[in-house]
>>> print(open('work_5.txt').read())   # compact mmCIF, C-alpha atoms
# COMPACT_ATOMS: atom_id res chain seq x y z
CA MET A 1 1.38 -37.25 -62.48
CA ASP A 2 4.91 -38.27 -61.54
CA ALA A 3 5.87 -40.33 -58.50
CA GLY A 4 8.75 -39.36 -56.24
CA VAL A 5 10.18 -40.36 -52.89
CA ASN A 6 11.81 -38.73 -49.90
CA TYR A 7 15.17 -40.43 -49.53
CA PRO A 8 15.45 -38.31 -47.22
CA TRP A 9 18.89 -38.94 -45.77
CA PHE A 10 21.32 -41.72 -45.05
CA SER A 11 22.51 -40.21 -41.75
CA TYR A 12 20.31 -37.31 -40.65
CA GLY A 13 22.34 -34.15 -40.20
CA TRP A 14 25.67 -35.63 -41.22
CA ASP A 15 25.36 -36.80 -44.81
CA PHE A 16 27.68 -33.95 -45.84
CA GLY A 17 30.72 -32.35 -44.26
CA PRO A 18 32.83 -33.59 -41.35
CA ALA A 19 31.25 -36.02 -38.91
CA PRO A 20 31.92 -36.32 -35.17
CA PRO A 21 34.84 -38.61 -34.30
CA GLY A 22 33.94 -42.27 -34.63
CA TRP A 23 30.60 -41.69 -36.35
CA ARG A 24 31.93 -42.85 -39.74
CA SER A 25 33.94 -45.94 -40.56
CA GLY A 26 35.86 -44.12 -43.31
CA ASN A 27 36.41 -40.72 -44.86
CA ASP A 28 33.38 -40.77 -47.13
CA PRO A 29 29.77 -40.33 -46.01
CA ALA A 30 27.94 -43.62 -45.59
CA TRP A 31 25.67 -43.00 -48.59
CA VAL A 32 28.52 -42.85 -51.12
CA PRO A 33 28.88 -46.58 -51.90
CA HIS A 34 25.11 -47.14 -52.01
CA VAL A 35 23.48 -44.20 -53.75
CA GLY A 36 24.22 -45.30 -57.30
CA GLN A 37 22.50 -48.63 -56.78
CA HIS A 38 19.63 -46.95 -54.93
CA LEU A 39 18.99 -44.49 -57.76
CA GLN A 40 19.12 -47.28 -60.34
CA HIS A 41 16.58 -49.25 -58.35
CA LEU A 42 14.27 -46.25 -57.80
CA ALA A 43 14.41 -45.44 -61.51
CA ALA A 44 13.44 -49.02 -62.34
CA ILE A 45 10.23 -48.79 -60.29
CA GLY A 46 9.25 -45.44 -61.84
CA ILE A 47 10.53 -42.82 -59.37
CA SER A 48 11.41 -39.54 -61.10
CA VAL A 49 12.23 -37.18 -58.18
CA VAL A 50 14.16 -37.85 -54.96
CA ARG A 51 13.95 -35.36 -52.07
CA TRP A 52 17.07 -35.19 -49.87
CA PHE A 53 17.78 -33.09 -46.73
CA ILE A 54 21.14 -31.29 -47.04
CA LEU A 55 21.79 -29.47 -43.73
CA GLY A 56 19.12 -31.27 -41.71
CA ASP A 57 19.50 -30.07 -38.12
CA GLY A 58 22.86 -28.47 -38.97
CA LEU A 59 25.11 -30.82 -36.99
CA THR A 60 27.99 -30.66 -39.49
CA TYR A 61 27.52 -27.01 -40.48
CA GLY A 62 29.28 -24.82 -37.93
CA THR A 63 31.44 -27.05 -35.76
CA GLY A 64 34.19 -26.50 -33.20
CA PRO A 65 34.58 -22.77 -32.53
CA ASP A 66 31.88 -22.02 -35.14
CA ALA A 67 29.25 -24.19 -33.43
CA PRO A 68 26.16 -22.58 -31.87
CA LYS A 69 26.72 -21.43 -28.31
CA LEU A 70 24.25 -21.46 -25.48
CA ASP A 71 23.73 -18.04 -23.89
CA ARG A 72 22.96 -19.03 -20.33
CA PHE A 73 22.29 -15.42 -19.37
CA ALA A 74 19.74 -14.76 -22.10
CA LYS A 75 16.53 -13.41 -20.60
CA CYS A 76 14.44 -12.35 -23.57
CA ASP A 77 15.68 -14.56 -26.37
CA LYS A 78 13.29 -17.39 -27.15
CA ALA A 79 15.97 -19.93 -27.98
CA GLY A 80 18.96 -18.73 -25.97
CA TRP A 81 21.39 -19.90 -28.65
CA ARG A 82 23.88 -17.72 -30.56
CA PHE A 83 25.06 -18.63 -34.04
CA GLY A 84 27.07 -16.71 -36.61
CA PRO A 85 26.83 -18.60 -39.92
CA PRO A 86 30.33 -19.55 -41.10
CA ALA A 87 31.44 -20.26 -44.64
CA LEU A 88 30.45 -23.72 -45.85
CA ALA A 89 33.37 -26.10 -45.37
CA ARG A 90 35.14 -27.35 -48.50
CA GLU A 91 34.53 -30.94 -47.39
CA PHE A 92 30.80 -30.25 -47.20
CA GLN A 93 30.79 -28.83 -50.72
CA GLU A 94 32.78 -31.77 -52.06
CA HIS A 95 30.30 -34.23 -50.60
CA PHE A 96 27.36 -32.32 -52.03
CA GLU A 97 28.97 -32.23 -55.46
CA ALA A 98 29.49 -35.99 -55.27
CA LEU A 99 25.75 -36.36 -54.72
CA LEU A 100 25.07 -34.10 -57.71
CA GLN A 101 27.35 -36.28 -59.83
CA SER A 102 25.44 -39.38 -58.75
CA PHE A 103 22.16 -37.81 -59.84
CA ALA A 104 23.71 -36.48 -63.04
CA ALA A 105 24.50 -40.05 -63.99
CA ARG A 106 20.74 -40.78 -63.76
CA SER A 107 19.56 -37.54 -65.39
CA THR A 108 20.17 -38.53 -68.99
CA GLY A 109 17.85 -40.56 -71.15
CA PRO A 110 14.08 -40.49 -71.46
CA HIS A 111 13.33 -41.25 -67.78
CA PRO A 112 15.68 -39.31 -65.50
CA VAL A 113 15.73 -39.34 -61.71
CA ARG A 114 16.28 -35.81 -60.43
CA LEU A 115 17.23 -34.37 -57.06
CA LEU A 116 15.05 -32.11 -54.92
CA PRO A 117 17.53 -30.83 -52.30
CA VAL A 118 16.15 -29.38 -49.05
CA LEU A 119 18.41 -26.71 -47.61
CA ALA A 120 17.39 -26.99 -43.94
CA ASP A 121 14.92 -28.79 -41.72
CA TYR A 122 12.88 -27.15 -38.93
CA ARG A 123 15.13 -28.91 -36.39
CA PHE A 124 17.89 -26.58 -37.58
CA CYS A 125 16.15 -23.88 -35.52
CA GLU A 126 15.14 -25.84 -32.45
CA PRO A 127 17.08 -25.33 -29.20
CA GLY A 128 20.47 -26.96 -29.43
CA VAL A 129 21.47 -30.38 -28.16
CA TRP A 130 24.99 -31.67 -27.66
CA PRO A 131 24.99 -35.27 -28.96
CA VAL A 132 28.69 -36.00 -28.43
CA GLY A 133 30.43 -36.70 -25.14
CA ARG A 134 34.06 -35.76 -24.59
CA GLN A 135 36.44 -38.69 -24.69
CA ASP A 136 38.43 -37.63 -21.64
CA HIS A 137 38.51 -39.90 -18.61
CA ALA A 138 39.73 -37.03 -16.43
CA LEU A 139 36.38 -35.31 -16.93
CA ARG A 140 33.24 -36.31 -15.12
CA PRO A 141 30.91 -38.59 -17.15
CA GLY A 142 28.29 -36.87 -19.26
CA VAL A 143 30.32 -33.75 -20.15
CA ALA A 144 29.33 -32.57 -23.61
CA GLU A 145 31.62 -31.85 -26.52
CA GLU A 146 30.29 -28.37 -27.25
CA GLY A 147 31.82 -28.24 -30.73
CA TRP A 148 29.06 -30.50 -32.08
CA VAL A 149 25.50 -29.19 -31.80
CA LYS A 150 22.25 -30.42 -33.30
CA GLY A 151 19.93 -27.43 -33.85
CA GLY A 152 20.58 -24.11 -32.13
CA ARG A 153 20.89 -22.24 -35.45
CA ALA A 154 17.77 -20.06 -35.52
CA GLU A 155 19.89 -16.92 -35.89
CA ALA A 156 20.88 -18.12 -39.37
CA ILE A 157 17.24 -17.58 -40.30
CA THR A 158 16.61 -14.44 -38.23
CA THR A 159 19.33 -11.85 -37.55
CA ASN A 160 21.95 -13.43 -39.83
CA ARG A 161 19.84 -14.61 -42.76
CA ARG A 162 21.69 -12.56 -45.42
CA ARG A 163 25.01 -13.95 -44.28
CA PHE A 164 23.61 -17.49 -44.19
CA ILE A 165 22.28 -17.22 -47.74
CA GLU A 166 25.60 -15.84 -49.01
CA GLN A 167 27.75 -18.32 -47.08
CA VAL A 168 25.70 -21.46 -47.67
CA LEU A 169 22.82 -21.32 -50.14
CA ARG A 170 24.61 -19.46 -52.92
CA PRO A 171 27.69 -21.77 -52.89
CA LEU A 172 25.37 -24.79 -53.09
CA LEU A 173 23.49 -23.18 -55.96
CA ARG A 174 26.76 -22.48 -57.78
CA LEU A 175 27.68 -26.16 -57.48
CA SER A 176 24.20 -27.11 -58.66
CA SER A 177 24.62 -24.92 -61.74
CA GLY A 178 27.13 -27.41 -63.09
CA TYR A 179 24.50 -30.17 -62.97
CA ARG A 180 21.29 -28.41 -64.00
CA ASP A 181 19.69 -31.45 -65.56
CA ALA A 182 20.06 -33.30 -62.25
CA ILE A 183 17.98 -30.77 -60.26
CA TYR A 184 14.17 -30.81 -60.14
CA ALA A 185 13.93 -27.73 -57.88
CA TRP A 186 15.46 -26.32 -54.69
CA ASP A 187 13.50 -26.57 -51.42
CA VAL A 188 14.30 -23.66 -49.09
CA PHE A 189 13.08 -25.13 -45.81
CA ASN A 190 11.26 -28.20 -44.53
CA GLU A 191 8.08 -27.57 -42.50
CA PRO A 192 8.79 -24.06 -41.20
CA GLU A 193 5.49 -24.06 -39.27
CA TRP A 194 6.96 -26.09 -36.40
CA VAL A 195 9.45 -23.35 -35.42
CA THR A 196 7.54 -20.22 -36.45
CA SER A 197 5.35 -18.17 -34.12
CA GLY A 198 1.98 -17.52 -35.72
CA TRP A 199 2.34 -20.41 -38.17
CA HIS A 200 2.54 -23.24 -35.66
CA PRO A 201 -0.88 -24.80 -35.04
CA ASP A 202 -0.63 -23.97 -31.33
CA ARG A 203 -0.61 -20.23 -32.21
CA ARG A 204 1.89 -19.49 -29.43
CA ASN A 205 4.37 -16.65 -29.86
CA ASP A 206 7.37 -18.25 -28.16
CA HIS A 207 8.80 -20.31 -31.01
CA PRO A 208 12.43 -19.77 -32.14
CA VAL A 209 11.51 -17.69 -35.24
CA ASN A 210 8.79 -15.08 -35.58
CA GLU A 211 6.55 -14.85 -38.62
CA SER A 212 8.16 -11.80 -40.21
CA GLU A 213 11.66 -13.27 -39.86
CA MET A 214 10.71 -16.59 -41.42
CA ARG A 215 8.87 -14.85 -44.23
CA ALA A 216 11.89 -12.66 -44.97
CA PHE A 217 14.20 -15.68 -45.03
CA LEU A 218 11.96 -17.75 -47.30
CA GLU A 219 11.49 -14.87 -49.72
CA ALA A 220 15.23 -14.19 -49.83
CA GLY A 221 15.96 -17.89 -50.30
CA MET A 222 13.50 -18.20 -53.17
CA ALA A 223 14.97 -15.07 -54.79
CA ALA A 224 18.48 -16.55 -54.64
CA ILE A 225 17.25 -19.84 -56.13
CA ARG A 226 15.50 -18.04 -59.00
CA GLU A 227 18.57 -15.88 -59.66
CA ALA A 228 20.57 -19.09 -60.05
CA GLY A 229 18.09 -20.31 -62.65
CA PHE A 230 16.33 -22.99 -60.61
CA LYS A 231 12.73 -23.41 -59.54
CA SER A 232 11.99 -22.78 -55.89
CA THR A 233 9.73 -24.60 -53.47
CA ILE A 234 9.03 -24.62 -49.72
CA GLY A 235 8.16 -27.80 -47.87
CA PHE A 236 5.15 -26.52 -45.95
CA SER A 237 3.61 -28.95 -43.51
CA MET A 238 0.07 -27.83 -44.40
CA ILE A 239 -1.63 -26.39 -47.47
CA GLU A 240 -3.37 -23.88 -45.18
CA THR A 241 -0.03 -22.20 -44.46
CA ILE A 242 0.39 -21.35 -48.13
CA ARG A 243 -3.00 -19.65 -48.14
CA GLN A 244 -2.40 -17.93 -44.81
CA THR A 245 0.99 -16.52 -45.75
CA GLY A 246 0.54 -15.97 -49.47
CA LEU A 247 4.05 -17.41 -49.94
CA TYR A 248 3.68 -18.93 -53.39
CA ALA A 249 6.75 -20.58 -54.87
CA ASP A 250 7.55 -21.67 -58.42
CA ILE A 251 6.36 -25.10 -57.29
CA ASN A 252 3.82 -25.03 -54.45
CA GLN A 253 4.46 -27.85 -52.01
CA PHE A 254 2.65 -29.11 -48.95
CA HIS A 255 2.73 -32.34 -46.95
CA HIS A 256 -0.32 -34.52 -46.56
CA TYR A 257 -0.66 -36.45 -43.32
CA THR A 258 -4.32 -37.01 -42.62
CA ASP A 259 -4.50 -38.50 -39.09
CA GLY A 260 -7.59 -40.19 -40.44
CA SER A 261 -9.59 -37.00 -40.92
CA ARG A 262 -7.96 -34.66 -43.45
CA SER A 263 -9.15 -35.06 -47.03
CA LEU A 264 -6.99 -34.26 -50.03
CA GLU A 265 -8.51 -31.24 -51.71
CA ARG A 266 -8.48 -30.45 -55.40
CA ASN A 267 -5.24 -28.80 -56.54
CA PRO A 268 -5.93 -25.06 -56.12
CA PHE A 269 -2.73 -23.78 -57.71
CA ASP A 270 -2.16 -22.14 -61.07
CA PRO A 271 -0.71 -24.68 -63.53
CA ARG A 272 2.15 -22.27 -64.16
CA SER A 273 3.17 -22.80 -60.50
CA PRO A 274 2.10 -26.41 -60.03
CA GLY A 275 1.07 -28.02 -56.79
CA ILE A 276 2.92 -31.05 -55.47
CA ILE A 277 2.53 -33.27 -52.43
CA GLY A 278 6.01 -33.20 -50.92
CA GLU A 279 5.34 -35.94 -48.37
CA PHE A 280 2.69 -38.57 -47.82
CA ALA A 281 2.85 -41.62 -45.57
CA THR A 282 3.71 -45.09 -46.81
CA SER A 283 2.53 -46.49 -43.47
CA THR A 284 -1.09 -46.96 -44.43
CA ALA A 285 -2.13 -48.37 -41.06
CA GLU A 286 -0.77 -45.33 -39.25
CA ASP A 287 -2.16 -42.67 -41.56
CA THR A 288 -5.57 -43.46 -43.03
CA TRP A 289 -6.94 -41.44 -45.94
CA PRO A 290 -10.66 -40.87 -45.33
CA GLU A 291 -11.56 -40.91 -49.04
CA LEU A 292 -10.20 -44.46 -49.31
CA ARG A 293 -11.96 -46.03 -46.34
CA GLN A 294 -14.30 -47.97 -48.60
CA ARG A 295 -11.42 -48.94 -50.87
CA SER A 296 -7.82 -49.98 -50.38
CA GLN A 297 -5.37 -47.79 -48.47
CA ARG A 298 -2.54 -49.00 -50.72
CA ILE A 299 0.04 -46.55 -52.05
CA LEU A 300 -1.32 -47.22 -55.54
CA GLU A 301 -4.73 -45.88 -54.51
CA ARG A 302 -3.18 -42.83 -52.88
CA LEU A 303 -1.22 -42.02 -56.01
CA LYS A 304 -4.33 -42.45 -58.15
CA LEU A 305 -6.29 -40.10 -55.87
CA ALA A 306 -3.52 -37.47 -55.96
CA LYS A 307 -3.50 -37.66 -59.75
CA SER A 308 -7.29 -37.34 -59.94
CA GLN A 309 -7.06 -34.22 -57.76
CA GLY A 310 -4.74 -32.57 -60.26
CA TYR A 311 -1.33 -32.66 -58.59
CA ALA A 312 1.82 -32.80 -60.70
CA LEU A 313 3.97 -34.89 -58.34
CA ALA A 314 3.56 -36.85 -55.10
CA LEU A 315 6.57 -37.94 -53.05
CA ALA A 316 6.23 -40.89 -50.69
CA TRP A 317 7.66 -40.76 -47.17
CA SER A 318 10.06 -42.48 -47.14
CA PHE A 319 12.79 -44.66 -48.57
CA ARG A 320 15.17 -44.68 -45.59
CA ALA A 321 13.73 -42.94 -42.54
CA ALA A 322 12.48 -44.94 -39.55
CA ASP A 323 9.33 -43.39 -38.14
CA ARG A 324 5.64 -44.06 -37.80
CA HIS A 325 4.85 -42.69 -41.25
CA THR A 326 7.32 -44.98 -43.06
CA SER A 327 6.66 -48.48 -44.30
CA TRP A 328 8.84 -49.01 -47.36
CA THR A 329 8.01 -52.54 -48.44
CA LEU A 330 7.95 -54.55 -51.63
CA GLN A 331 4.21 -53.82 -51.76
CA ALA A 332 4.92 -50.06 -51.73
CA GLU A 333 7.45 -50.45 -54.54
CA ASN A 334 5.07 -52.61 -56.50
CA ASP A 335 2.32 -49.98 -56.15
CA ILE A 336 4.61 -47.24 -57.44
CA GLU A 337 5.68 -49.42 -60.35
CA CYS A 338 2.06 -50.14 -61.20
CA PHE A 339 1.23 -46.43 -61.12
CA THR A 340 4.00 -45.54 -63.56
CA PRO A 341 3.59 -48.05 -66.41
CA GLU A 342 4.46 -45.37 -68.94
CA ARG A 343 8.03 -45.43 -67.60
CA PRO A 344 9.50 -48.49 -69.30
CA GLY A 345 10.49 -51.06 -66.71
CA SER A 346 13.97 -52.46 -66.44
CA ASP A 347 15.55 -55.20 -64.48
CA ASP A 348 18.15 -54.54 -61.80
CA ARG A 349 20.90 -54.51 -64.44
CA GLY A 350 19.14 -51.71 -66.33
CA GLN A 351 17.99 -54.03 -69.14
CA GLN A 352 14.65 -53.33 -70.79
CA LEU A 353 11.79 -55.62 -69.76
CA PRO A 354 9.58 -57.17 -72.43
CA GLY A 355 5.96 -56.40 -73.21
CA ASP A 356 4.32 -53.56 -71.32
CA GLY A 357 7.39 -52.82 -69.20
CA GLN A 358 5.78 -54.15 -66.02
CA ARG A 359 7.69 -56.82 -64.17
CA PRO A 360 6.17 -60.28 -64.19
CA ASP A 361 6.69 -62.32 -61.07
CA GLY A 362 7.71 -65.96 -61.13
CA ASN A 363 4.18 -66.95 -62.12
CA GLY A 364 3.99 -64.46 -64.98
CA THR A 365 1.61 -62.15 -63.10
CA ARG A 366 1.87 -58.47 -63.99
CA CYS A 367 2.66 -55.94 -61.27
CA SER A 368 -0.93 -54.72 -60.94
CA ASP A 369 -1.96 -58.19 -59.80
CA ARG A 370 0.98 -59.07 -57.59
CA ARG A 371 0.69 -59.27 -53.83
CA ALA A 372 4.02 -58.47 -52.25
CA SER A 373 5.50 -59.73 -49.05
CA THR A 374 6.98 -57.28 -46.57
CA SER A 375 10.53 -58.57 -46.88
CA MET A 376 13.03 -58.20 -49.68
CA ALA A 377 16.29 -59.85 -50.50
CA ARG A 378 18.60 -57.24 -49.01
CA LEU A 379 18.77 -55.48 -45.65
CA LEU A 380 20.31 -52.07 -45.10
CA PRO A 381 20.66 -50.37 -41.73
CA VAL A 382 18.77 -47.17 -41.05
CA VAL A 383 20.15 -44.19 -39.20
CA HIS A 384 17.10 -42.12 -38.32
CA ARG A 385 17.91 -38.44 -37.80
CA GLY A 386 21.25 -39.40 -36.27
CA GLU A 387 19.58 -40.74 -33.14
CA ILE A 388 20.50 -44.46 -33.17
CA PRO A 389 23.45 -45.49 -30.97
CA ALA A 390 25.98 -47.80 -32.61
CA ARG A 391 25.10 -50.69 -30.32
CA SER A 392 21.45 -50.51 -31.44
CA LYS A 393 21.95 -50.20 -35.17
CA THR A 394 21.43 -53.88 -35.85
CA ASN A 395 17.86 -53.48 -34.66
CA TYR A 396 17.01 -50.81 -37.24
CA TYR A 397 16.62 -52.17 -40.75
CA ILE A 398 14.60 -51.53 -43.79
CA THR A 399 14.30 -54.10 -46.52
CA MET A 400 16.09 -53.29 -49.75
CA LEU A 401 17.35 -55.09 -52.85
CA GLY A 402 20.78 -56.79 -52.64
CA ALA A 403 23.24 -58.19 -50.08
CA PRO A 404 23.92 -56.80 -46.60
CA HIS A 405 26.52 -54.06 -46.26
CA ASP A 406 28.91 -53.76 -43.33
CA ASP A 407 30.01 -50.19 -44.01
CA VAL A 408 27.29 -48.43 -42.05
CA GLY A 409 29.44 -45.95 -40.17
CA GLN A 410 29.85 -45.71 -36.42
CA HIS A 411 27.62 -43.46 -34.37
CA GLN A 412 29.04 -43.24 -30.89
CA ARG A 413 26.51 -41.14 -29.09
CA GLY A 414 27.85 -39.48 -25.97
CA ALA A 415 25.68 -38.57 -23.01
CA GLN A 416 23.08 -36.12 -24.28
CA ILE A 417 23.28 -32.88 -22.36
CA ASN A 418 20.19 -30.72 -22.11
CA GLN A 419 20.21 -27.12 -23.23
CA SER A 420 20.62 -25.76 -19.72
CA GLY A 421 23.93 -27.57 -19.42
CA ALA A 422 22.73 -29.46 -16.34
>>> encode(input="work_5.txt", output="structure tokens")
Amino acid sequence: MDAGVNYPWFSYGWDFGPAPPGWRSGNDPAWVPHVGQHLQHLAAIGISVVRWFILGDGLTYGTGPDAPKLDRFAKCDKAGWRFGPPALAREFQEHFEALLQSFAARSTGPHPVRLLPVLADYRFCEPGVWPVGRQDHALRPGVAEEGWVKGGRAEAITTNRRRFIEQVLRPLLRLSSGYRDAIYAWDVFNEPEWVTSGWHPDRRNDHPVNESEMRAFLEAGMAAIREAGFKSTIGFSMIETIRQTGLYADINQFHHYTDGSRSLERNPFDPRSPGIIGEFATSTAEDTWPELRQRSQRILERLKLAKSQGYALALAWSFRAADRHTSWTLQAENDIECFTPERPGSDDRGQQLPGDGQRPDGNGTRCSDRRASTSMARLLPVVHRGEIPARSKTNYYITMLGAPHDDVGQHQRGAQINQSGA
């Protein structure tokens, strides 16, 4: 079994395309100067697949006059937001191609690191939020800049899905075709259950997308991916949704968060359409696996269990997010490295390590016997789903290898206006 990781973004919703004024310190996305080093480091510890959210909540796709618009007079519509999918901006495509080039540089050789791009997240379809305030002192405080909207794009999945696929997915697939060796598969949608009536665990029928609409979109998305010559997958939140819907992809993916009670079942999928665990928590205290209660909850034990249950790939959550399921520490990296001894180790300059390829520590102890601390030599700031104000960024760090970086981008969050416009 291979080990992967959810990157899953540098700046949620604005890794690609134009960013709101003041949210970046330069013209390039914040990930650009760091991703090469990150991929080199992930390769060195044995990671083979990196999952990355492309549109996220859609903030930078459809801006200004093309942004979603709140229909304040809507009576029957569940979301109340109108969105006509525009063509994907050239700047967005250029940024995505730069990411492909970064992965292409790591896709050669015997142990490549490949990209698993996720077209859209479920927050893409949630009711819109205006995260940017207008910089106009003549206006009353708290007035939203309505040209920047997080979410509010359910109509791209429902009434305008064909246009969305033609305007967005197919151009991204065409770019991907130039870097085939860099792509593991294409993920159509992350956790559709949370915005789909009939699939959501609450069984209510007032979610932004109904079951037939989401099914039609996912099927059309998978068809476009296959036509482009890539393998398709869907990031379902639960394995039960795959059974319920019968939506089998080329690679069948579900996410495994146990809440202390859900066991990992034996892989039920045909080997020709393998099963993978698209997300599992690195925060072992927050998400306890019941099978491991009498053993260690370490990431190493979770990977061993996933392998014993017949899965082809398991992707840890996460390398850069900041949430209750994430605890990316030196111990987590050590566990992944111990699980993948068949991938020859290398030092941080890419040089081959001696012996069995496992890194010795200063005392000569192999990785399987090391006990890691929770701090590393380098700190990098985290921007979690685009929700951290600039003044608070210094409080959000994950530990990473190397020296601190100052180029973190500026996120000047204006007064958040609710969807009613009040």
>>> residues_near_point(input="work_5.txt", point="(29.1, -20.4, -52.8)", cutoff="12 Å", atoms="all atoms listed in the file", output="PyMOL selection string")
chain A and resi 86-90+92-94+163-177+224+228
>>> residues_around(input="work_5.txt", residues="Asn252 of chain A", least_positions_apart="3", cutoff="9 Å", atoms="all atoms listed in the file", output="PyMOL selection string")
chain A and resi 232-236+239+242+247-249+269+273-277
>>> atom_distance(input="work_5.txt", atom1="atom CA of Phe217 of chain A", atom2="atom CA of Ala154 of chain A")
11.1 Å
>>> atom_distance(input="work_5.txt", atom1="atom CA of Arg51 of chain A", atom2="atom CA of Pro8 of chain A")
5.9 Å
>>> closest_residue(input="work_5.txt", among="A:Ala104, A:Leu264, A:Val5, A:Leu313", to="Ala182 of chain A", atoms="all atoms listed in the file")
A:Ala104
>>> residues_around(input="work_5.txt", residues="Trp199 of chain A", least_positions_apart="5", cutoff="9 Å", atoms="all atoms listed in the file", output="PyMOL selection string")
chain A and resi 192-194+204+210-211+241+244-245
>>> write_last_selection(input="work_5.txt", atoms="C-alpha atoms", output="JSON list (two decimals), in the coordinates of the input")
[["chain", "number", "residue", "atom", "x", "y", "z"],
["A", 192, "PRO", "CA", 8.79, -24.06, -41.20],
["A", 193, "GLU", "CA", 5.49, -24.06, -39.27],
["A", 194, "TRP", "CA", 6.96, -26.09, -36.40],
["A", 204, "ARG", "CA", 1.89, -19.49, -29.43],
["A", 210, "ASN", "CA", 8.79, -15.08, -35.58],
["A", 211, "GLU", "CA", 6.55, -14.85, -38.62],
["A", 241, "THR", "CA", -0.03, -22.20, -44.46],
["A", 244, "GLN", "CA", -2.40, -17.93, -44.81],
["A", 245, "THR", "CA", 0.99, -16.52, -45.75]]
>>> atom_distance(input="work_5.txt", atom1="atom CA of Glu91 of chain A", atom2="atom CA of Val188 of chain A")
21.6 Å
>>> closest_residue(input="work_5.txt", among="A:Ile183, A:Ala316, A:Ala67, A:Ala144", to="Pro117 of chain A", atoms="only C-alpha atoms")
A:Ile183
>>> build_atoms(input="work_5.txt", residues="segment 265-278 of chain A", atoms="N, CA and C atoms", output="JSON list (two decimals), keeping the file's coordinate frame")
[["chain", "number", "residue", "atom", "x", "y", "z"],
["A", 265, "GLU", "N", -7.69, -32.12, -50.89],
["A", 265, "GLU", "CA", -8.51, -31.24, -51.71],
["A", 265, "GLU", "C", -8.00, -31.18, -53.14],
["A", 266, "ARG", "N", -8.85, -30.66, -54.01],
["A", 266, "ARG", "CA", -8.48, -30.45, -55.40],
["A", 266, "ARG", "C", -7.34, -29.45, -55.49],
["A", 267, "ASN", "N", -6.38, -29.71, -56.36],
["A", 267, "ASN", "CA", -5.24, -28.80, -56.54],
["A", 267, "ASN", "C", -5.73, -27.38, -56.83],
["A", 268, "PRO", "N", -5.43, -26.42, -55.91],
["A", 268, "PRO", "CA", -5.93, -25.06, -56.12],
["A", 268, "PRO", "C", -4.95, -24.13, -56.83],
["A", 269, "PHE", "N", -3.80, -24.64, -57.23],
["A", 269, "PHE", "CA", -2.73, -23.78, -57.71],
["A", 269, "PHE", "C", -2.77, -23.59, -59.23],
["A", 270, "ASP", "N", -2.28, -22.44, -59.66],
["A", 270, "ASP", "CA", -2.16, -22.14, -61.07],
["A", 270, "ASP", "C", -1.22, -23.15, -61.73],
["A", 271, "PRO", "N", -1.59, -23.70, -62.88],
["A", 271, "PRO", "CA", -0.71, -24.68, -63.53],
["A", 271, "PRO", "C", 0.69, -24.15, -63.82],
["A", 272, "ARG", "N", 0.82, -22.83, -63.93],
["A", 272, "ARG", "CA", 2.15, -22.27, -64.16],
["A", 272, "ARG", "C", 3.04, -22.37, -62.92],
["A", 273, "SER", "N", 2.44, -22.55, -61.74],
["A", 273, "SER", "CA", 3.17, -22.80, -60.50],
["A", 273, "SER", "C", 2.54, -24.03, -59.86],
["A", 274, "PRO", "N", 2.86, -25.20, -60.36],
["A", 274, "PRO", "CA", 2.10, -26.41, -60.03],
["A", 274, "PRO", "C", 2.13, -26.76, -58.56],
["A", 275, "GLY", "N", 1.13, -27.51, -58.14],
["A", 275, "GLY", "CA", 1.07, -28.02, -56.79],
["A", 275, "GLY", "C", 1.60, -29.43, -56.71],
["A", 276, "ILE", "N", 2.41, -29.70, -55.69],
["A", 276, "ILE", "CA", 2.92, -31.05, -55.47],
["A", 276, "ILE", "C", 2.72, -31.45, -54.01],
["A", 277, "ILE", "N", 2.61, -32.73, -53.78],
["A", 277, "ILE", "CA", 2.53, -33.27, -52.43],
["A", 277, "ILE", "C", 3.94, -33.72, -52.07],
["A", 278, "GLY", "N", 4.60, -32.94, -51.22],
["A", 278, "GLY", "CA", 6.01, -33.20, -50.92],
["A", 278, "GLY", "C", 6.25, -34.38, -50.02]]
